[in-house]
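Notes follow once the structure below has been shown.
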Amino acid sequence: MNATLQVAELHEAAGPRDRRVTQLEAIAREIRRLSVAAIYHAGSGHPGGSLSCADILAVLYGTVLNLPHADHPDIDRDLFVLSKGHAAPALYATWAAFGLMSRAEALTLRKLGSRAQGHPHVLDCPLAESSTGSLGQGFSVSIGMAMGLRQQGRAPRVYALLGDGEMQEGEVWEGAMCAAHYGLANLCAVIDYNKLQSDDRNAAIMGLEPLAQKWRAFGWNTLEINGHDVAGLLAAFEAARNERTLPTIIIAHTTKGKGVPYMEDHPQWHGSVKLTPEQITSALTSLDTDPAKAEGLLNGRG
Amino acid sequence: MAVVERAAPQLIGTSGDSLREAFGKALVEWSRERPRVVVLDADIAGGTGVHHFRKALPHRFFQFGIAEQNMMAAAGGMAATGLVPVVTTFAVFCLRAIEQARLSIAYAKRNVKIVASHPGIDVGPDGGSAQALEDLAAFRAIPGMTVISPADPEEMRQATRAILDFEGPVYMRTGRSASTRLFGPAHKFEIGVGQMLRDGRDVSLVACGVEVSRALEAADLLAAAKISARVINMPTIKPIDSAILAEASVDTGCIVTAEDHNIFGGLGGAVAEAIAQTQPCPIEFVGVRDQFGQSGEPQELAEFYGLTAPHIAAAARRAIARKESLRR
Ligand SMILES: Cc1ncc(C[n+]2csc(CCOP(=O)(O)OP(=O)(O)O)c2C)c(N)n1
Ligand SMILES: [Mg+2]
């Protein structure tokens with residue numbers, strides 16, 4: 001992938017695997033910068049849940065998803081569905097970080113006529129693979145995709161990213177039963193387990209624990225990792241790919257608002273957030289943004 | 001458009017298949033040569049007619065268990081991979097998953113066919129909880145959703161082929177009870193096209209589903225009283241055939257709609273919207289009058305809720321009276 005990454009951010013001295021990790025960490029930081037900048041320009045949007053999944057998205061698009069590229073434009077691509085569709089800013093930011101959308105377009109988030117709709121819309125952005133925003137649905141869609149691909153004997157794998165609050169939707173557990181019943185080993189779902197949802201902590205709204213036990217009991221290959229640890233994410237996706245009979249769930253423990261200290265682990269940074277100039281400047285500073293890049297992000301050109 | 005002179009001339013005998021059985025058989029017939037068609041069921045294949053498909057093409061039949069929301073959205077996902085999913089359950093349970101139909105099917109413009117059995121009070125003894133009287137209104141309000149309610153087994157057979165070959169999301173009603181056969185193989189169903197079954201001057205009766213045969217009966221009752229009624233079969237509720245309606249309005253000056261559905265938002269609503277924008281005229285609505293149903297045999301219920309031929313004929317007289325008072 002042609003990551004629009006600054007060479008200065010790479011640690012040249014590191015070994016190949018470490019270098020990949022460092023590279024992906026840098027991309028995740030870039031995803032975070034673009035996400036908060038887009039939300040700043042939009043005057044609304046969901047920063048907390050965009051920041052918590054940046055590392056997961058960086059790893060997915062950086063190494064996991066088999067997507068068309070210059071040498072293989074007609075590849076039967078892997079499918080990724082952002083079931084927690086309110087993290088759309090992070091999805092557009094990811095595409096921008098990998099050159100799949102222009103940075104300027106990612107910053108048109110939520111504007112009239114923009115392809116960067118408030119929640120991903122597949123008719124605007126085919127790479128969204130489905131239109132999401134109503135929690136629970138993208139997961140079922142990904143299950144249908146996995147079933148459809150298997151029915152046709154096709155190789156692509158299907159990935160979905162869910163929120164932890166999303167677990168409260170009954171549809172998720174309908175889908176959990178279904179994917180296990182059909183042994184959809186070509187499906188891998190990730191839970192962005194940031195412990196917060198819209199109004200409060202999961203535990204206060206409607207407790208989820210013991211979450212891993214629930215998924216195991218539902219018949220899934222269940223992995224539990226630190227969702228900000230790139231090496232751990234790489235290993236988990238590899239384990240999912242090697243699983244032959246069960247669908248895989250990766251429970252990724254994360255911090256909501258990760259990377260912007262004043263947002264970290266606070267429910268009030270979930271959604272409908274209008275960032276002030278001071279707040280965006282502070283966020284970009286926390287994210288180690290060099291002044292030239294910060295200017296591009298703030299003037300909307302990317 | 002074939003204009004038929006006499007009352008119910010295409011009537012070739014009563015009973016025969018229910019619409020759900022006709023659908024189930026037609027689905028097998030048309031799916032054999034359409035390998036991308038797959039069927040999704042939520043533990044009621046025996047009731048929806050797709051038990052025929054399960055038997056004939058088991059490798060293309062997907063059991064989702066009693067989990068309609070997951071089934072509906074998964075259908076959107078299957079369509080994304082190029083399959084043509086036919087999602088089947090009772091009409092009330094389609095309502096349970098309507099938000100999945102809205103987002104994961106219609107908004108994403110997926111080529112999914114939602115086929116709902118057990119609509120309206122035609123459901124009978126299962127009672128109010130099972131009698132969907134809101135589905136046409138609800139699905140019609142979803143942008144890009146085509147809504148169809150065929151009238152008899154032959155029309156169901158043809159409509160089944162038509163929806164499989166149509167590109168885009170469709171909601172289609174079948175029916176539970178034995179249906180009256182109205183059409184022979186010469187009948188021609190086309191999405192979006194209404195059809196004059198009988199010409200008339202004084203009033204137009206526009207009906208869909210089980211109400212078409214009752215509208216034909218009503219035309220006979222009216223003819224006996226020297227009232228000439230045009231009967232229009234309107235199997236596609238959306239997009240509605242507004243040309244045939246405007247013509248009916250000009251020619252007969254008033255309209256009665258008849259459907260096994262709430263009088264709000266279904267066929268009656270669609271006809272009123274179309275007529276308001278073309279050739280306004282008095283319209284009377286025959287249907288369930290904004291109430292829930294109850295247990296009973298379908299025919300008993302039709303009488304109780306005012307859906308039978310005499311009720312349609314009475315509505316026709318009211319429509320004609322309103323037309324005449326406007327002209328005075
Ligand atoms: C079906 C549905 N109900 C309610 C909402 C409104 N909503 C948007 S985000 C959200 C909280 C989601 O929490 P979580 O899944 O934990 O996401 P994250 O913490 O990753 O942002 C809610 C309730 C929705 N989008 N969909
Ligand atoms: Mg959360």
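Residue numbering restarts at 1 for every chain of the structure tokens, chains are lettered A, B, ... in their displayed order, and ligands are numbered from 1 as they appear.
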Exercise. Mind listing as JSON, numbers by chain which residues of chain B are within 7 Å of chain A, counting only C-alpha atoms?
Worked result: {"B": [64, 67, 69, 70, 73, 74, 75, 76, 77, 78, 80, 81, 83, 100, 103, 104, 108]}
Pull C-alpha atoms from the residues just selected and write them as a PDB file, in the first residue's frame.
ATOM      1  CA  PHE B  64     -31.528 -18.375   9.808  1.00  0.00           C
ATOM      2  CA  ALA B  67     -33.895 -14.219  13.975  1.00  0.00           C
ATOM      3  CA  GLN B  69     -33.239  -8.910  11.973  1.00  0.00           C
ATOM      4  CA  ASN B  70     -30.047 -10.839  11.347  1.00  0.00           C
ATOM      5  CA  ALA B  73     -29.411  -7.560   7.087  1.00  0.00           C
ATOM      6  CA  ALA B  74     -27.487 -10.707   6.109  1.00  0.00           C
ATOM      7  CA  ALA B  75     -29.537 -10.741   2.908  1.00  0.00           C
ATOM      8  CA  GLY B  76     -28.031  -7.341   2.146  1.00  0.00           C
ATOM      9  CA  GLY B  77     -24.588  -8.846   2.681  1.00  0.00           C
ATOM     10  CA  MET B  78     -25.311 -11.828   0.452  1.00  0.00           C
ATOM     11  CA  ALA B  80     -23.250  -7.581  -1.969  1.00  0.00           C
ATOM     12  CA  THR B  81     -21.482 -10.754  -3.094  1.00  0.00           C
ATOM     13  CA  LEU B  83     -26.343 -13.448  -5.056  1.00  0.00           C
ATOM     14  CA  GLN B 100     -32.649  -3.688   8.476  1.00  0.00           C
ATOM     15  CA  LEU B 103     -30.508   0.513   5.876  1.00  0.00           C
ATOM     16  CA  SER B 104     -28.810  -2.702   4.798  1.00  0.00           C
ATOM     17  CA  ALA B 108     -27.441   0.309   0.050  1.00  0.00           C
TER      18      ALA B 108
END
Exercise. Hey, what's within 7 Å of range 265-278 of chain A if we count only C-alpha atoms and toss same-chain stuff fewer than 6 positions away? As an MDAnalysis selection string, please?
Worked result: chainID A and resid 40 43:49 196:200 255:257
For this session: Run DSSP on the backbone of this structure and report the residues of range 201-295 of chain A it assigns to alpha helix (DSSP H), as a PyMOL selection string.
Result: chain A and resi 202-205+211-217+230-242+277-286+291-295
For this session: Tell me which protein, DNA and RNA residues are within 12 Å of Tyr92 in chain A, counting only C-alpha atoms, leaving out same-chain ones fewer than 2 positions away, and put them as a PyMOL selection string.
Result: chain A and resi 30-39+50+54+57-58+61+82+85-90+94-110+114-121+124-125+127-128
Exercise. How would you write, as a list in words, the set of residues no farther than 7 Å from ligand 2 when counting only C-alpha atoms and all ligand atoms?
Worked result: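 These are the residues that qualify: Gly49, Gly163, Asp164, Gly165, Asp192, Tyr193, Asn194, Lys195, Leu196 and Gln197 of chain A.
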Please produce an output containing all heavy atoms for each residue in the selection, written as a PDB file, in the first residue's frame.
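Writing the result to again15.pdb gives the following:
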ATOM      1  N   GLY A  49     -14.783   7.257  19.793  1.00  0.00           N
ATOM      2  CA  GLY A  49     -14.790   5.936  19.168  1.00  0.00           C
ATOM      3  C   GLY A  49     -14.016   5.888  17.867  1.00  0.00           C
ATOM      4  O   GLY A  49     -13.734   4.804  17.342  1.00  0.00           O
ATOM      5  N   GLY A 163     -18.633  -1.951  18.052  1.00  0.00           N
ATOM      6  CA  GLY A 163     -18.411  -1.286  19.321  1.00  0.00           C
ATOM      7  C   GLY A 163     -18.807  -2.204  20.468  1.00  0.00           C
ATOM      8  O   GLY A 163     -19.511  -3.196  20.271  1.00  0.00           O
ATOM      9  N   ASP A 164     -18.359  -1.875  21.665  1.00  0.00           N
ATOM     10  CA  ASP A 164     -18.766  -2.703  22.807  1.00  0.00           C
ATOM     11  C   ASP A 164     -20.229  -2.415  23.186  1.00  0.00           C
ATOM     12  O   ASP A 164     -21.009  -3.326  23.427  1.00  0.00           O
ATOM     13  CB  ASP A 164     -17.806  -2.541  24.002  1.00  0.00           C
ATOM     14  CG  ASP A 164     -17.460  -1.093  24.319  1.00  0.00           C
ATOM     15  OD1 ASP A 164     -18.135  -0.181  23.796  1.00  0.00           O
ATOM     16  OD2 ASP A 164     -16.512  -0.866  25.089  1.00  0.00           O
ATOM     17  N   GLY A 165     -20.624  -1.145  23.146  1.00  0.00           N
ATOM     18  CA  GLY A 165     -22.032  -0.832  23.385  1.00  0.00           C
ATOM     19  C   GLY A 165     -22.926  -1.551  22.386  1.00  0.00           C
ATOM     20  O   GLY A 165     -24.047  -1.972  22.699  1.00  0.00           O
ATOM     21  N   ASP A 192     -14.178  -3.234  19.491  1.00  0.00           N
ATOM     22  CA  ASP A 192     -13.417  -2.098  20.025  1.00  0.00           C
ATOM     23  C   ASP A 192     -13.901  -1.921  21.470  1.00  0.00           C
ATOM     24  O   ASP A 192     -14.861  -1.193  21.747  1.00  0.00           O
ATOM     25  CB  ASP A 192     -13.727  -0.867  19.162  1.00  0.00           C
ATOM     26  CG  ASP A 192     -12.968   0.370  19.617  1.00  0.00           C
ATOM     27  OD1 ASP A 192     -12.249   0.291  20.637  1.00  0.00           O
ATOM     28  OD2 ASP A 192     -13.114   1.409  18.950  1.00  0.00           O
ATOM     29  N   TYR A 193     -13.222  -2.631  22.372  1.00  0.00           N
ATOM     30  CA  TYR A 193     -13.717  -2.710  23.742  1.00  0.00           C
ATOM     31  C   TYR A 193     -13.149  -1.549  24.556  1.00  0.00           C
ATOM     32  O   TYR A 193     -12.210  -1.707  25.342  1.00  0.00           O
ATOM     33  CB  TYR A 193     -13.320  -4.063  24.341  1.00  0.00           C
ATOM     34  CG  TYR A 193     -14.096  -4.464  25.581  1.00  0.00           C
ATOM     35  CD1 TYR A 193     -15.114  -3.664  26.101  1.00  0.00           C
ATOM     36  CD2 TYR A 193     -13.824  -5.662  26.225  1.00  0.00           C
ATOM     37  CE1 TYR A 193     -15.826  -4.040  27.222  1.00  0.00           C
ATOM     38  CE2 TYR A 193     -14.536  -6.053  27.365  1.00  0.00           C
ATOM     39  CZ  TYR A 193     -15.531  -5.231  27.850  1.00  0.00           C
ATOM     40  OH  TYR A 193     -16.241  -5.609  28.968  1.00  0.00           O
ATOM     41  N   ASN A 194     -13.761  -0.364  24.359  1.00  0.00           N
ATOM     42  CA  ASN A 194     -13.262   0.847  25.026  1.00  0.00           C
ATOM     43  C   ASN A 194     -14.017   1.144  26.329  1.00  0.00           C
ATOM     44  O   ASN A 194     -13.802   2.192  26.941  1.00  0.00           O
ATOM     45  CB  ASN A 194     -13.292   2.037  24.067  1.00  0.00           C
ATOM     46  CG  ASN A 194     -14.683   2.286  23.496  1.00  0.00           C
ATOM     47  OD1 ASN A 194     -15.692   1.972  24.135  1.00  0.00           O
ATOM     48  ND2 ASN A 194     -14.745   2.840  22.297  1.00  0.00           N
ATOM     49  N   LYS A 195     -14.928   0.252  26.697  1.00  0.00           N
ATOM     50  CA  LYS A 195     -15.624   0.309  28.004  1.00  0.00           C
ATOM     51  C   LYS A 195     -16.626   1.455  28.124  1.00  0.00           C
ATOM     52  O   LYS A 195     -17.274   1.609  29.156  1.00  0.00           O
ATOM     53  CB  LYS A 195     -14.652   0.381  29.194  1.00  0.00           C
ATOM     54  CG  LYS A 195     -13.413  -0.504  29.100  1.00  0.00           C
ATOM     55  CD  LYS A 195     -13.703  -1.973  29.063  1.00  0.00           C
ATOM     56  CE  LYS A 195     -12.448  -2.840  29.015  1.00  0.00           C
ATOM     57  NZ  LYS A 195     -11.574  -2.665  27.848  1.00  0.00           N
ATOM     58  N   LEU A 196     -16.722   2.272  27.095  1.00  0.00           N
ATOM     59  CA  LEU A 196     -17.673   3.392  27.135  1.00  0.00           C
ATOM     60  C   LEU A 196     -18.636   3.282  25.973  1.00  0.00           C
ATOM     61  O   LEU A 196     -18.300   2.749  24.923  1.00  0.00           O
ATOM     62  CB  LEU A 196     -16.941   4.736  27.022  1.00  0.00           C
ATOM     63  CG  LEU A 196     -15.943   5.133  28.099  1.00  0.00           C
ATOM     64  CD1 LEU A 196     -15.381   6.512  27.781  1.00  0.00           C
ATOM     65  CD2 LEU A 196     -16.604   5.136  29.466  1.00  0.00           C
ATOM     66  N   GLN A 197     -19.805   3.859  26.147  1.00  0.00           N
ATOM     67  CA  GLN A 197     -20.728   3.981  25.022  1.00  0.00           C
ATOM     68  C   GLN A 197     -21.201   5.417  24.950  1.00  0.00           C
ATOM     69  O   GLN A 197     -20.408   6.322  25.196  1.00  0.00           O
ATOM     70  CB  GLN A 197     -21.813   2.923  25.074  1.00  0.00           C
ATOM     71  CG  GLN A 197     -22.507   2.734  26.399  1.00  0.00           C
ATOM     72  CD  GLN A 197     -23.315   1.447  26.396  1.00  0.00           C
ATOM     73  OE1 GLN A 197     -22.861   0.421  26.876  1.00  0.00           O
ATOM     74  NE2 GLN A 197     -24.552   1.510  25.877  1.00  0.00           N
TER      75      GLN A 197
END
For this session: Going by DSSP on the backbone, which bits of range 51-207 of chain A are strand (DSSP E or B)? Write them as a ChimeraX atom specification, please.
Result: /A:69,72,79-82,158-163,187-193,196,201
Emit the selected residues as an mmCIF file, in the first residue's frame, including C-alpha atoms.
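again-v5.cif, freshly written:
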data_model
loop_
_atom_site.group_PDB
_atom_site.id
_atom_site.type_symbol
_atom_site.label_atom_id
_atom_site.label_comp_id
_atom_site.auth_asym_id
_atom_site.auth_seq_id
_atom_site.Cartn_x
_atom_site.Cartn_y
_atom_site.Cartn_z
ATOM 1 C CA HIS A 69 -3.525 -2.500 -6.059
ATOM 2 C CA HIS A 72 -3.590 -6.644 -9.264
ATOM 3 C CA LEU A 79 -14.486 -7.096 2.636
ATOM 4 C CA PHE A 80 -14.415 -4.856 5.686
ATOM 5 C CA VAL A 81 -17.603 -3.500 7.255
ATOM 6 C CA LEU A 82 -17.486 -0.755 9.864
ATOM 7 C CA VAL A 158 -14.774 -10.760 5.652
ATOM 8 C CA TYR A 159 -13.953 -8.441 8.557
ATOM 9 C CA ALA A 160 -16.224 -6.342 10.741
ATOM 10 C CA LEU A 161 -15.552 -3.834 13.502
ATOM 11 C CA LEU A 162 -18.107 -3.511 16.289
ATOM 12 C CA GLY A 163 -18.411 -1.286 19.321
ATOM 13 C CA LEU A 187 -15.314 -14.198 9.058
ATOM 14 C CA CYS A 188 -13.370 -12.215 11.638
ATOM 15 C CA ALA A 189 -15.066 -9.605 13.817
ATOM 16 C CA VAL A 190 -13.273 -7.179 16.106
ATOM 17 C CA ILE A 191 -14.779 -5.539 19.177
ATOM 18 C CA ASP A 192 -13.417 -2.098 20.025
ATOM 19 C CA TYR A 193 -13.717 -2.710 23.742
ATOM 20 C CA LEU A 196 -17.673 3.392 27.135
ATOM 21 C CA ARG A 201 -19.648 3.305 30.865
#
Problem set entry | Polymer residues at most 10 Å from Asn66 in chain A, only C-alpha atoms, same-chain spacing of 3 or more positions, as a list in words | Leu60, Tyr61, Gly62, Thr63, His69, Ile75, Asp76, Arg77, Asp78, Leu79, Pro156 and Arg157 of chain A
Exercise. Could you pull the residues within 9 Å of range 199-212 of chain B, counting only C-alpha atoms, minus those fewer than 5 positions along the same chain, as a VMD selection string?
Worked result: chain B and resid 3 to 6 122 148 to 152 173 to 175 179 to 180 182 217 to 219 227 to 237 245 248 to 249 251 to 260 267 to 268 271 307 to 309 312 316 to 317 319 to 320
Problem set entry | Close residues, Leu164 in chain B itself excluded, 10 Å, only C-alpha atoms, min 6 positions apart in chain, as a ChimeraX atom specification | /B:27,30-31,34,36-37,84-86,111-113,170
Residue subset to file, keeping C-alpha atoms, as a JSON list (two decimals), in the first residue's frame:
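again-v4.json, freshly written:
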[["chain", "number", "residue", "atom", "x", "y", "z"],
["B", 27, "LEU", "CA", -39.85, -19.78, -6.99],
["B", 30, "TRP", "CA", -37.85, -19.78, -11.98],
["B", 31, "SER", "CA", -34.84, -20.40, -9.77],
["B", 34, "ARG", "CA", -31.27, -18.54, -12.18],
["B", 36, "ARG", "CA", -27.74, -16.74, -8.21],
["B", 37, "VAL", "CA", -31.11, -16.96, -6.45],
["B", 84, "VAL", "CA", -30.06, -12.66, -5.38],
["B", 85, "PRO", "CA", -31.43, -13.34, -1.89],
["B", 86, "VAL", "CA", -35.14, -13.96, -1.43],
["B", 111, "ASN", "CA", -30.86, -6.58, -5.05],
["B", 112, "VAL", "CA", -32.90, -8.34, -2.36],
["B", 113, "LYS", "CA", -36.46, -9.65, -2.65],
["B", 170, "VAL", "CA", -38.67, -5.44, -3.69]]
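Nearest to Asp126 in chain B of all the residues B:Arg176, B:Val288, B:Pro280, B:Asp165 is B:Arg176, counting only C-alpha atoms.
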